[in-house]
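Raw contents of final_34.txt, compact mmCIF, C-alpha atoms and all ligand atoms:
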# COMPACT_ATOMS: atom_id res chain seq x y z
CA MET A 234 104.97 -8.78 40.60
CA MET A 235 104.68 -12.23 42.07
CA SER A 236 107.07 -14.92 40.88
CA LYS A 237 106.03 -17.03 37.88
CA ALA A 238 108.39 -19.87 38.88
CA VAL A 239 106.53 -22.94 40.11
CA GLU A 240 107.40 -26.54 40.81
CA ILE A 241 105.55 -29.78 40.36
CA PHE A 242 106.58 -32.20 43.10
CA GLU A 243 105.88 -35.66 41.70
CA VAL A 244 104.40 -38.15 44.16
CA GLY A 245 103.11 -40.81 41.75
CA PRO A 246 105.55 -43.63 42.52
CA ARG A 247 104.78 -43.24 46.26
CA ASP A 248 101.30 -41.81 46.85
CA GLY A 249 100.16 -43.12 43.49
CA LEU A 250 101.23 -46.70 44.01
CA GLN A 251 101.01 -47.24 47.79
CA ASN A 252 97.34 -48.18 47.63
CA GLU A 253 97.61 -50.70 44.80
CA PRO A 254 96.59 -54.12 46.10
CA ALA A 255 98.73 -56.21 43.73
CA PHE A 256 102.47 -55.91 44.31
CA ILE A 257 104.20 -53.93 41.59
CA SER A 258 107.73 -55.12 40.87
CA SER A 259 110.68 -53.00 41.95
CA GLU A 260 111.75 -52.93 38.27
CA ASP A 261 108.46 -51.29 37.29
CA LYS A 262 108.67 -48.76 40.13
CA ILE A 263 112.24 -47.93 39.14
CA ALA A 264 111.30 -47.62 35.45
CA LEU A 265 108.43 -45.26 36.30
CA THR A 266 110.59 -43.07 38.54
CA GLN A 267 113.30 -43.06 35.87
CA ALA A 268 110.79 -41.97 33.22
CA LEU A 269 109.60 -39.12 35.46
CA ALA A 270 113.18 -37.98 36.05
CA GLY A 271 113.77 -38.23 32.28
CA ALA A 272 110.76 -35.98 31.70
CA GLY A 273 112.49 -33.21 33.67
CA LEU A 274 110.69 -33.39 37.03
CA ARG A 275 113.13 -32.24 39.69
CA ARG A 276 111.77 -33.90 42.83
CA ILE A 277 110.16 -37.31 42.80
CA GLU A 278 108.78 -39.14 45.82
CA CYS A 279 109.27 -42.78 45.03
CA ALA A 280 109.32 -44.76 48.29
CA SER A 281 108.10 -45.08 51.87
CA PHE A 282 110.18 -46.60 54.64
CA VAL A 283 107.03 -47.51 56.55
CA SER A 284 105.98 -50.79 58.09
CA PRO A 285 105.41 -53.38 55.33
CA LYS A 286 102.68 -54.79 57.56
CA TRP A 287 100.82 -51.54 57.11
CA VAL A 288 101.69 -50.77 53.48
CA PRO A 289 103.01 -53.90 51.76
CA GLN A 290 103.35 -52.12 48.41
CA MET A 291 106.24 -50.01 49.79
CA ALA A 292 108.20 -52.97 51.17
CA ASP A 293 110.92 -52.57 48.51
CA ALA A 294 111.64 -48.90 49.32
CA ALA A 295 115.43 -49.33 49.51
CA GLN A 296 115.67 -51.29 46.24
CA VAL A 297 113.64 -48.63 44.46
CA VAL A 298 115.68 -45.66 45.69
CA GLU A 299 118.93 -47.51 44.98
CA GLY A 300 117.76 -48.64 41.54
CA VAL A 301 117.08 -45.20 40.07
CA THR A 302 119.71 -43.03 38.39
CA PRO A 303 118.06 -39.71 39.13
CA GLY A 304 120.27 -37.35 37.08
CA ALA A 305 119.15 -33.83 37.92
CA ALA A 306 116.24 -35.09 40.03
CA GLN A 307 116.18 -35.63 43.78
CA LEU A 308 114.43 -38.70 45.14
CA TYR A 309 112.22 -38.32 48.22
CA ALA A 310 110.95 -40.97 50.62
CA LEU A 311 108.63 -41.10 53.63
CA ALA A 312 109.74 -42.16 57.11
CA PRO A 313 107.20 -42.66 59.93
CA ASN A 314 109.71 -43.28 62.74
CA ASN A 315 113.43 -43.43 63.50
CA ARG A 316 113.69 -46.93 62.09
CA GLY A 317 112.34 -45.73 58.75
CA LEU A 318 114.60 -42.70 58.87
CA GLN A 319 117.74 -44.78 59.44
CA ALA A 320 116.78 -47.14 56.62
CA ALA A 321 116.13 -44.23 54.27
CA LEU A 322 119.40 -42.48 55.17
CA ALA A 323 121.28 -45.63 54.19
CA THR A 324 120.09 -45.00 50.61
CA PRO A 325 120.89 -42.06 48.32
CA VAL A 326 117.72 -40.08 49.06
CA GLY A 327 117.76 -36.35 48.35
CA GLY A 328 114.89 -35.67 50.72
CA LEU A 329 113.01 -37.24 53.60
CA CYS A 330 109.36 -36.73 54.46
CA VAL A 331 107.77 -36.97 57.88
CA PHE A 332 104.00 -36.97 58.16
CA ILE A 333 101.31 -36.15 60.66
CA ALA A 334 97.59 -35.50 60.44
CA ALA A 335 95.61 -32.52 61.67
CA THR A 336 93.10 -34.81 63.37
CA GLU A 337 92.95 -37.47 66.03
CA GLY A 338 90.99 -39.93 63.88
CA PHE A 339 93.33 -39.88 60.92
CA SER A 340 96.40 -40.00 63.13
CA ARG A 341 95.19 -43.22 64.71
CA ALA A 342 94.07 -44.79 61.43
CA ASN A 343 97.25 -43.91 59.52
CA THR A 344 99.93 -44.28 62.18
CA ASN A 345 98.27 -46.04 65.14
CA ILE A 346 98.89 -43.22 67.57
CA SER A 347 97.15 -40.17 69.05
CA LEU A 348 97.82 -36.80 67.51
CA ALA A 349 99.90 -35.74 70.53
CA GLY A 350 101.85 -39.01 70.29
CA ALA A 351 102.39 -38.50 66.57
CA VAL A 352 103.72 -34.99 67.14
CA GLU A 353 106.16 -36.30 69.72
CA ARG A 354 107.29 -39.12 67.44
CA VAL A 355 107.76 -36.80 64.49
CA GLN A 356 109.76 -34.33 66.60
CA ASP A 357 112.00 -37.21 67.59
CA VAL A 358 112.47 -38.22 63.93
CA ILE A 359 113.25 -34.61 63.01
CA ALA A 360 115.83 -34.41 65.82
CA THR A 361 117.50 -37.58 64.53
CA PHE A 362 117.39 -36.22 60.99
CA ARG A 363 119.09 -33.00 62.07
CA ALA A 364 121.79 -34.94 63.89
CA GLU A 365 122.46 -37.59 61.24
CA ALA A 366 121.32 -36.57 57.77
CA PRO A 367 124.13 -35.70 55.37
CA GLU A 368 124.48 -32.08 54.30
CA GLY A 369 122.08 -31.19 51.51
CA VAL A 370 119.41 -33.78 52.27
CA ARG A 371 116.14 -31.91 52.65
CA LEU A 372 113.24 -32.46 55.02
CA ARG A 373 109.59 -32.16 54.07
CA GLY A 374 106.73 -32.36 56.53
CA TYR A 375 103.26 -33.46 55.50
CA ILE A 376 100.05 -32.52 57.24
CA SER A 377 97.06 -34.66 56.24
CA CYS A 378 93.40 -33.68 56.37
CA VAL A 379 93.98 -29.93 56.24
CA THR A 380 90.32 -29.14 55.58
CA GLU A 381 88.35 -32.33 56.16
CA CYS A 382 88.96 -35.67 57.86
CA PRO A 383 87.19 -38.89 56.84
CA TYR A 384 86.85 -39.77 60.55
CA ASP A 385 86.50 -36.46 62.40
CA GLY A 386 84.86 -34.12 59.84
CA PRO A 387 85.79 -30.45 59.27
CA VAL A 388 89.20 -29.29 60.46
CA ALA A 389 89.90 -25.92 62.07
CA PRO A 390 92.41 -23.79 60.10
CA SER A 391 94.01 -22.80 63.42
CA GLU A 392 94.92 -26.44 64.08
CA VAL A 393 96.62 -26.77 60.68
CA ALA A 394 98.49 -23.52 61.33
CA ARG A 395 99.62 -24.77 64.74
CA LEU A 396 101.02 -27.98 63.26
CA ALA A 397 102.59 -26.25 60.25
CA GLU A 398 104.39 -23.80 62.54
CA LEU A 399 105.53 -26.65 64.74
CA LEU A 400 106.95 -28.70 61.83
CA HIS A 401 108.59 -25.67 60.26
CA GLY A 402 110.05 -24.57 63.59
CA ALA A 403 111.37 -28.07 64.27
CA GLY A 404 113.34 -28.10 61.02
CA CYS A 405 111.17 -29.06 58.03
CA ASP A 406 112.23 -26.82 55.17
CA GLU A 407 108.91 -27.41 53.44
CA ILE A 408 105.40 -28.21 54.64
CA SER A 409 103.03 -29.98 52.28
CA LEU A 410 99.36 -29.38 53.04
CA GLY A 411 97.25 -32.41 52.20
CA ASP A 412 93.63 -32.47 51.13
CA THR A 413 93.82 -36.17 51.76
CA ILE A 414 90.32 -37.10 50.66
CA GLY A 415 90.19 -34.62 47.79
CA THR A 416 86.89 -32.97 48.62
CA ALA A 417 88.01 -29.47 49.61
CA TYR A 418 86.40 -26.42 48.08
CA PRO A 419 88.65 -23.48 47.15
CA GLU A 420 86.91 -21.40 49.85
CA GLN A 421 87.97 -23.94 52.50
CA VAL A 422 91.53 -24.02 51.16
CA ALA A 423 91.58 -20.22 51.26
CA ARG A 424 90.45 -20.15 54.91
CA MET A 425 93.08 -22.74 55.81
CA LEU A 426 95.87 -20.90 53.96
CA GLU A 427 94.81 -17.58 55.46
CA ALA A 428 95.78 -19.05 58.85
CA VAL A 429 98.87 -20.98 57.71
CA VAL A 430 100.64 -18.19 55.78
CA ARG A 431 100.56 -16.07 58.93
CA VAL A 432 102.94 -18.49 60.62
CA VAL A 433 104.92 -20.17 57.79
CA PRO A 434 106.17 -18.28 54.70
CA ALA A 435 104.29 -19.25 51.54
CA GLU A 436 107.61 -20.20 49.86
CA ALA A 437 107.93 -23.02 52.39
CA LEU A 438 104.46 -24.42 51.66
CA ALA A 439 103.27 -26.95 49.10
CA GLY A 440 99.72 -27.87 48.09
CA HIS A 441 98.99 -31.60 48.08
CA TYR A 442 95.55 -31.92 46.62
CA HIS A 443 93.84 -35.18 45.88
CA ASP A 444 91.29 -34.82 43.11
CA THR A 445 88.35 -36.93 44.24
CA ALA A 446 85.81 -34.17 43.67
CA GLY A 447 87.55 -32.64 40.64
CA ARG A 448 88.42 -29.38 42.41
CA ALA A 449 92.17 -29.81 42.76
CA LEU A 450 93.02 -27.34 39.98
CA ALA A 451 90.71 -24.75 41.55
CA ASN A 452 92.48 -25.41 44.86
CA ILE A 453 95.83 -24.89 43.16
CA ASP A 454 94.57 -21.60 41.72
CA VAL A 455 93.52 -20.29 45.12
CA SER A 456 96.86 -21.46 46.57
CA LEU A 457 98.72 -19.51 43.87
CA ASP A 458 96.85 -16.43 45.08
CA TYR A 459 98.25 -17.07 48.57
CA GLY A 460 101.79 -17.28 47.18
CA LEU A 461 102.26 -21.05 47.11
CA ARG A 462 104.50 -22.17 44.24
CA ILE A 463 104.96 -25.91 44.86
CA PHE A 464 102.24 -28.38 43.96
CA ASP A 465 102.26 -32.12 44.48
CA ALA A 466 100.89 -34.20 41.63
CA SER A 467 100.82 -37.78 40.52
CA ILE A 468 101.48 -39.08 37.05
CA ALA A 469 98.32 -40.41 35.39
CA GLY A 470 96.43 -39.23 38.49
CA LEU A 471 97.35 -42.41 40.34
CA GLY A 472 96.77 -42.61 44.01
CA GLY A 473 94.78 -42.73 47.19
CA CYS A 474 95.76 -43.25 50.78
CA PRO A 475 95.23 -46.73 52.25
CA TYR A 476 93.89 -45.17 55.46
CA ALA A 477 91.64 -42.54 53.85
CA PRO A 478 88.48 -44.28 52.72
CA GLY A 479 87.21 -42.86 49.46
CA ALA A 480 90.37 -40.91 48.65
CA LYS A 481 91.04 -41.11 44.93
CA GLY A 482 94.14 -40.10 43.08
CA ASN A 483 96.33 -37.10 43.52
CA VAL A 484 95.80 -34.41 40.97
CA ASP A 485 97.20 -35.57 37.62
CA THR A 486 100.70 -34.27 36.79
CA GLU A 487 99.84 -33.68 33.13
CA LEU A 488 96.76 -31.66 34.09
CA VAL A 489 98.72 -29.50 36.53
CA TYR A 490 101.45 -29.05 33.93
CA ALA A 491 99.00 -27.95 31.21
CA HIS A 492 97.15 -25.68 33.65
CA LEU A 493 100.25 -23.92 34.96
CA ILE A 494 101.73 -23.47 31.50
CA ALA A 495 98.43 -22.04 30.24
CA ARG A 496 98.49 -19.59 33.15
CA GLY A 497 101.97 -18.43 32.14
CA TYR A 498 104.01 -20.09 34.88
CA ASP A 499 107.53 -21.48 34.39
CA ILE A 500 107.86 -24.98 35.81
CA SER A 501 111.14 -25.87 37.50
CA GLY A 502 113.24 -28.31 35.46
CA ALA A 503 111.19 -27.39 32.38
CA PRO A 504 109.59 -30.84 32.17
CA ASP A 505 108.54 -31.70 28.65
CA ARG A 506 105.03 -32.68 27.69
CA ALA A 507 106.08 -35.65 25.57
CA GLY A 508 108.18 -37.05 28.41
CA LEU A 509 105.29 -36.69 30.85
CA ALA A 510 102.91 -38.38 28.39
CA GLN A 511 105.38 -41.23 28.02
CA ALA A 512 105.67 -41.62 31.80
CA ALA A 513 101.86 -41.57 32.09
CA ARG A 514 101.58 -44.31 29.44
CA LEU A 515 104.12 -46.36 31.37
CA ALA A 516 102.18 -45.83 34.62
CA ARG A 517 98.95 -47.02 33.00
CA LYS A 518 100.71 -49.97 31.40
CA ILE A 519 102.23 -51.03 34.73
CA LEU A 520 98.78 -50.96 36.32
CA GLY A 521 97.02 -52.47 33.32
CA ARG A 522 94.78 -49.42 32.94
CA THR A 523 93.48 -47.86 29.78
CA GLU A 524 91.19 -45.20 31.21
CA GLY A 525 92.24 -41.69 32.06
CA ALA A 526 94.52 -41.03 29.10
CA ILE A 527 94.66 -37.29 28.57
CA ASP A 528 96.86 -37.23 25.50
CA ALA A 529 94.38 -34.81 23.96
CA ILE A 530 95.45 -31.92 26.23
P1 LIG B 1 102.59 -49.90 64.80
O1 LIG B 1 101.92 -51.17 64.41
O2 LIG B 1 101.91 -49.02 65.78
O3 LIG B 1 104.07 -50.04 65.40
O4 LIG B 1 102.89 -49.08 63.46
P2 LIG B 1 105.07 -51.21 65.59
O5 LIG B 1 106.31 -50.53 66.05
O6 LIG B 1 104.44 -52.29 66.42
O7 LIG B 1 105.34 -51.81 64.13
C1 LIG B 1 104.56 -52.79 63.53
C2 LIG B 1 105.47 -53.72 62.76
O8 LIG B 1 106.13 -52.97 61.72
C3 LIG B 1 106.60 -54.31 63.59
O9 LIG B 1 106.91 -55.57 63.02
C4 LIG B 1 107.74 -53.36 63.37
O10 LIG B 1 109.00 -53.98 63.53
C5 LIG B 1 107.55 -52.96 61.91
P3 LIG B 1 106.78 -56.91 63.90
O11 LIG B 1 107.61 -56.66 65.09
O12 LIG B 1 105.30 -57.00 64.20
O13 LIG B 1 107.28 -57.97 62.98
N1 LIG B 1 108.03 -51.61 61.61
C6 LIG B 1 108.72 -51.29 60.52
N2 LIG B 1 109.20 -52.03 59.50
C7 LIG B 1 109.88 -51.37 58.53
N3 LIG B 1 110.11 -50.03 58.54
C8 LIG B 1 109.66 -49.27 59.56
C9 LIG B 1 108.93 -49.90 60.61
N4 LIG B 1 108.36 -49.45 61.73
C10 LIG B 1 107.81 -50.50 62.35
N5 LIG B 1 109.88 -47.96 59.55
C11 LIG B 1 103.81 -47.32 62.11
C12 LIG B 1 103.31 -47.73 63.49
C13 LIG B 1 103.98 -45.81 62.10
C14 LIG B 1 105.14 -48.01 61.84
C15 LIG B 1 102.76 -47.76 61.06
O14 LIG B 1 101.52 -47.28 61.44
C16 LIG B 1 103.06 -47.29 59.67
O15 LIG B 1 104.05 -47.70 59.07
N6 LIG B 1 102.20 -46.42 59.10
C17 LIG B 1 102.40 -45.88 57.78
C18 LIG B 1 101.10 -45.70 57.09
C19 LIG B 1 101.34 -45.10 55.72
O16 LIG B 1 102.36 -45.31 55.10
N7 LIG B 1 100.35 -44.32 55.22
C20 LIG B 1 100.46 -43.71 53.94
C21 LIG B 1 101.46 -42.58 53.91
S1 LIG B 1 100.80 -41.04 54.52
C22 LIG B 1 99.84 -40.45 53.21
O17 LIG B 1 99.63 -41.12 52.22
C23 LIG B 1 99.31 -39.02 53.29
C24 LIG B 1 100.09 -38.07 52.37
O18 LIG B 1 100.03 -38.49 51.01
C25 LIG B 1 99.51 -36.64 52.51
C26 LIG B 1 97.99 -36.59 52.29
O19 LIG B 1 97.50 -36.99 51.20
O20 LIG B 1 97.32 -36.17 53.24
C27 LIG B 1 101.57 -37.99 52.78
MG MG B 2 98.43 -38.02 49.65

Will you turn the file into structure tokens for me?
Ligand code: HMG
Ligand code: MG
Amino acid sequence: MMSKAVEIFEVGPRDGLQNEPAFISSEDKIALTQALAGAGLRRIECASFVSPKWVPQMADAAQVVEGVTPGAAQLYALAPNNRGLQAALATPVGGLCVFIAATEGFSRANTNISLAGAVERVQDVIATFRAEAPEGVRLRGYISCVTECPYDGPVAPSEVARLAELLHGAGCDEISLGDTIGTAYPEQVARMLEAVVRVVPAEALAGHYHDTAGRALANIDVSLDYGLRIFDASIAGLGGCPYAPGAKGNVDTELVYAHLIARGYDISGAPDRAGLAQAARLARKILGRTEGAIDAI
């Protein structure tokens, strides 16, 4: 029988907030991350050591990571280059994330470089990570646009598999597969996973599904069938990528929680529903939003 242990990897304080135009104070980012850790989530991505010219909202990455007392949780942060990696490693991160896209168009829009250039840069960052990261710090690799690109259209599963194998072989212990614009159909996710699980074990894969078209839960279901057990989600469904026009939020943490519990899965860290609802209320309060409350679940 397949394992019923799953994990929700929380990305709200990073993916959820990075696109917000008005600067959110470090105190609010810290409070949100703290609330998510308090709710029992075990891995929380809360910062990006990227260029503040590109993503001004993440300019306080170091303050945020240093300001949280994570308890049992591990804090994750993105690094686009060696400079970001060094800055992140100077803070108590539990995990680093490198990121590439499966397409030329998204690579240029998101990181100002060709896909081949991005692969080279990421391999360099991974090499530095392996040489300098303290024991126990983990490395996650993201691939964006795993089914569809807002610039280049449909993406070949073989290309995603090639990049996943490359990141895994280079030293990423986990590869997160991003439906960046949130429009994938389960059939497309299935075709993509069919190719990827041939070259990277399903235990090392995560599903990162934005929920623009409302199919993220269906995409999680098909991923479960392929053996994936880690799903990225964002509290209160916050999110969107600044370089992915039209991309709405990541799939909502509370929805994923309720869905997985209803399907009989055990979620790592045993996050509690009340704690998640409290974190979601805080997220909406920070952003001055009232819509989207799903307390009725
Ligand atoms: P660039 O403009 O080609 O390179 O940016 P640059 O080296 O000329 O840097 C530009 C400026 O930023 C310079 O400042 C650098 O010093 C500075 P200036 O000299 O002009 O004053 N800089 C930095 N500052 C702080 N930390 C750094 C850093 N690096 C350079 N690490 C670069 C290239 C990759 C840096 C830029 O394109 C970038 O930061 N991109 C990040 C974009 C981003 O964060 N996107 C969102 C995250 S990915 C995502 O959301 C997808 C995901 O959720 C999965 C999915 O949904 O698909 C993960
Ligand atoms: Mg994303």

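Here atom CA of Ser391 of chain A is placed at a distance of 28.8 Å from atom CA of Val283 of chain A.
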
(request) Go ahead and find all residues with at least one atom no further than 9 Å from (93.2, -55.8, 40.1) in the file's coordinates, using all atoms listed in the file; report them as a PyMOL selection string. (result) chain A and resi 253-255+520-521

Within 8 Å of ligand MG 2 (chain B), which residues show up when you count only C-alpha atoms and all ligand atoms? List them as a compact mmCIF listing (two decimals) with C-alpha atoms, in the coordinates of the input, please.
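Contents of the output file out19.txt:
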# COMPACT_ATOMS: atom_id res chain seq x y z
CA ASP A 248 101.30 -41.81 46.85
CA SER A 377 97.06 -34.66 56.24
CA GLY A 411 97.25 -32.41 52.20
CA ASP A 412 93.63 -32.47 51.13
CA THR A 413 93.82 -36.17 51.76
CA HIS A 441 98.99 -31.60 48.08
CA TYR A 442 95.55 -31.92 46.62
CA HIS A 443 93.84 -35.18 45.88
CA GLY A 472 96.77 -42.61 44.01
CA GLY A 473 94.78 -42.73 47.19
CA CYS A 474 95.76 -43.25 50.78
CA ASN A 483 96.33 -37.10 43.52

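Across the structure, atom CA of Val489 of chain A and atom CA of Ile241 of chain A are spaced 7.8 Å apart.
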
(request) Using all atoms listed in the file, find each residue with an atom at most 8 Å away from ligand LIG 1 (chain B) and format the answer as a count of residues only. (result) 47

(message) What's the separation between atom CA of Asp499 of chain A and atom CA of Arg462 of chain A, in Å to one decimal place?
(response)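 Computing it gives 10.3 Å between the two atoms.
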
(message) List the spatial neighbours of segment 256-258 of chain A as a list in words - criterion: any atom at most 10 Å away, all atoms listed in the file, same-chain residues fewer than 2 positions off excluded.
(response) Leu250, Gln251, Asn252, Glu253, Pro254, Glu260, Asp261, Lys262, Ile263, Ala264, Pro289, Gln290, Met291, Ala292, Asp293, Val297, Ile519 and Leu520 of chain A

(request) Using only C-alpha atoms, find the one residue out of A:Met425, A:Ala403, A:Leu329, A:Leu493 that sits nearest to Pro367 of chain A. (result) A:Leu329

(request) Find the residue from A:Ser259, A:Asn452, A:Ser340, A:Gln319 that sits nearest to Tyr384 of chain A; use all atoms listed in the file when measuring. (result) A:Ser340

(message) Could you check the closest approach to Ala270 of chain A for each of A:Arg373, A:Ala503, A:Leu438, A:Arg522 and tell me which residue wins, using all atoms listed in the file?
(response)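 Looking at the shortest contact to Ala270 of chain A, the residue is A:Ala503.
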
Quick one: segment 378-391 of chain A with N, CA and C atoms, as a compact mmCIF listing (two decimals), keeping the file's coordinate frame?
# COMPACT_ATOMS: atom_id res chain seq x y z
N CYS A 378 94.75 -34.11 55.97
CA CYS A 378 93.40 -33.68 56.37
C CYS A 378 93.38 -32.19 56.76
N VAL A 379 93.88 -31.35 55.88
CA VAL A 379 93.98 -29.93 56.24
C VAL A 379 92.65 -29.19 56.17
N THR A 380 91.65 -29.79 55.55
CA THR A 380 90.32 -29.14 55.58
C THR A 380 89.24 -30.08 56.10
N GLU A 381 89.40 -31.37 55.85
CA GLU A 381 88.35 -32.33 56.16
C GLU A 381 88.99 -33.68 56.47
N CYS A 382 88.43 -34.36 57.48
CA CYS A 382 88.96 -35.67 57.86
C CYS A 382 87.87 -36.72 57.63
N PRO A 383 88.22 -37.87 57.07
CA PRO A 383 87.19 -38.89 56.84
C PRO A 383 86.62 -39.46 58.14
N TYR A 384 87.32 -39.25 59.25
CA TYR A 384 86.85 -39.77 60.55
C TYR A 384 86.25 -38.68 61.42
N ASP A 385 86.88 -37.50 61.43
CA ASP A 385 86.50 -36.46 62.40
C ASP A 385 85.76 -35.27 61.79
N GLY A 386 85.59 -35.23 60.46
CA GLY A 386 84.86 -34.12 59.84
C GLY A 386 85.71 -32.88 59.60
N PRO A 387 85.08 -31.70 59.62
CA PRO A 387 85.79 -30.45 59.27
C PRO A 387 86.94 -30.15 60.23
N VAL A 388 87.98 -29.55 59.69
CA VAL A 388 89.20 -29.29 60.46
C VAL A 388 89.39 -27.78 60.61
N ALA A 389 89.72 -27.36 61.81
CA ALA A 389 89.90 -25.92 62.07
C ALA A 389 91.22 -25.44 61.45
N PRO A 390 91.18 -24.35 60.66
CA PRO A 390 92.41 -23.79 60.10
C PRO A 390 93.47 -23.52 61.17
N SER A 391 93.04 -23.11 62.37
CA SER A 391 94.01 -22.80 63.42
C SER A 391 94.82 -24.04 63.83
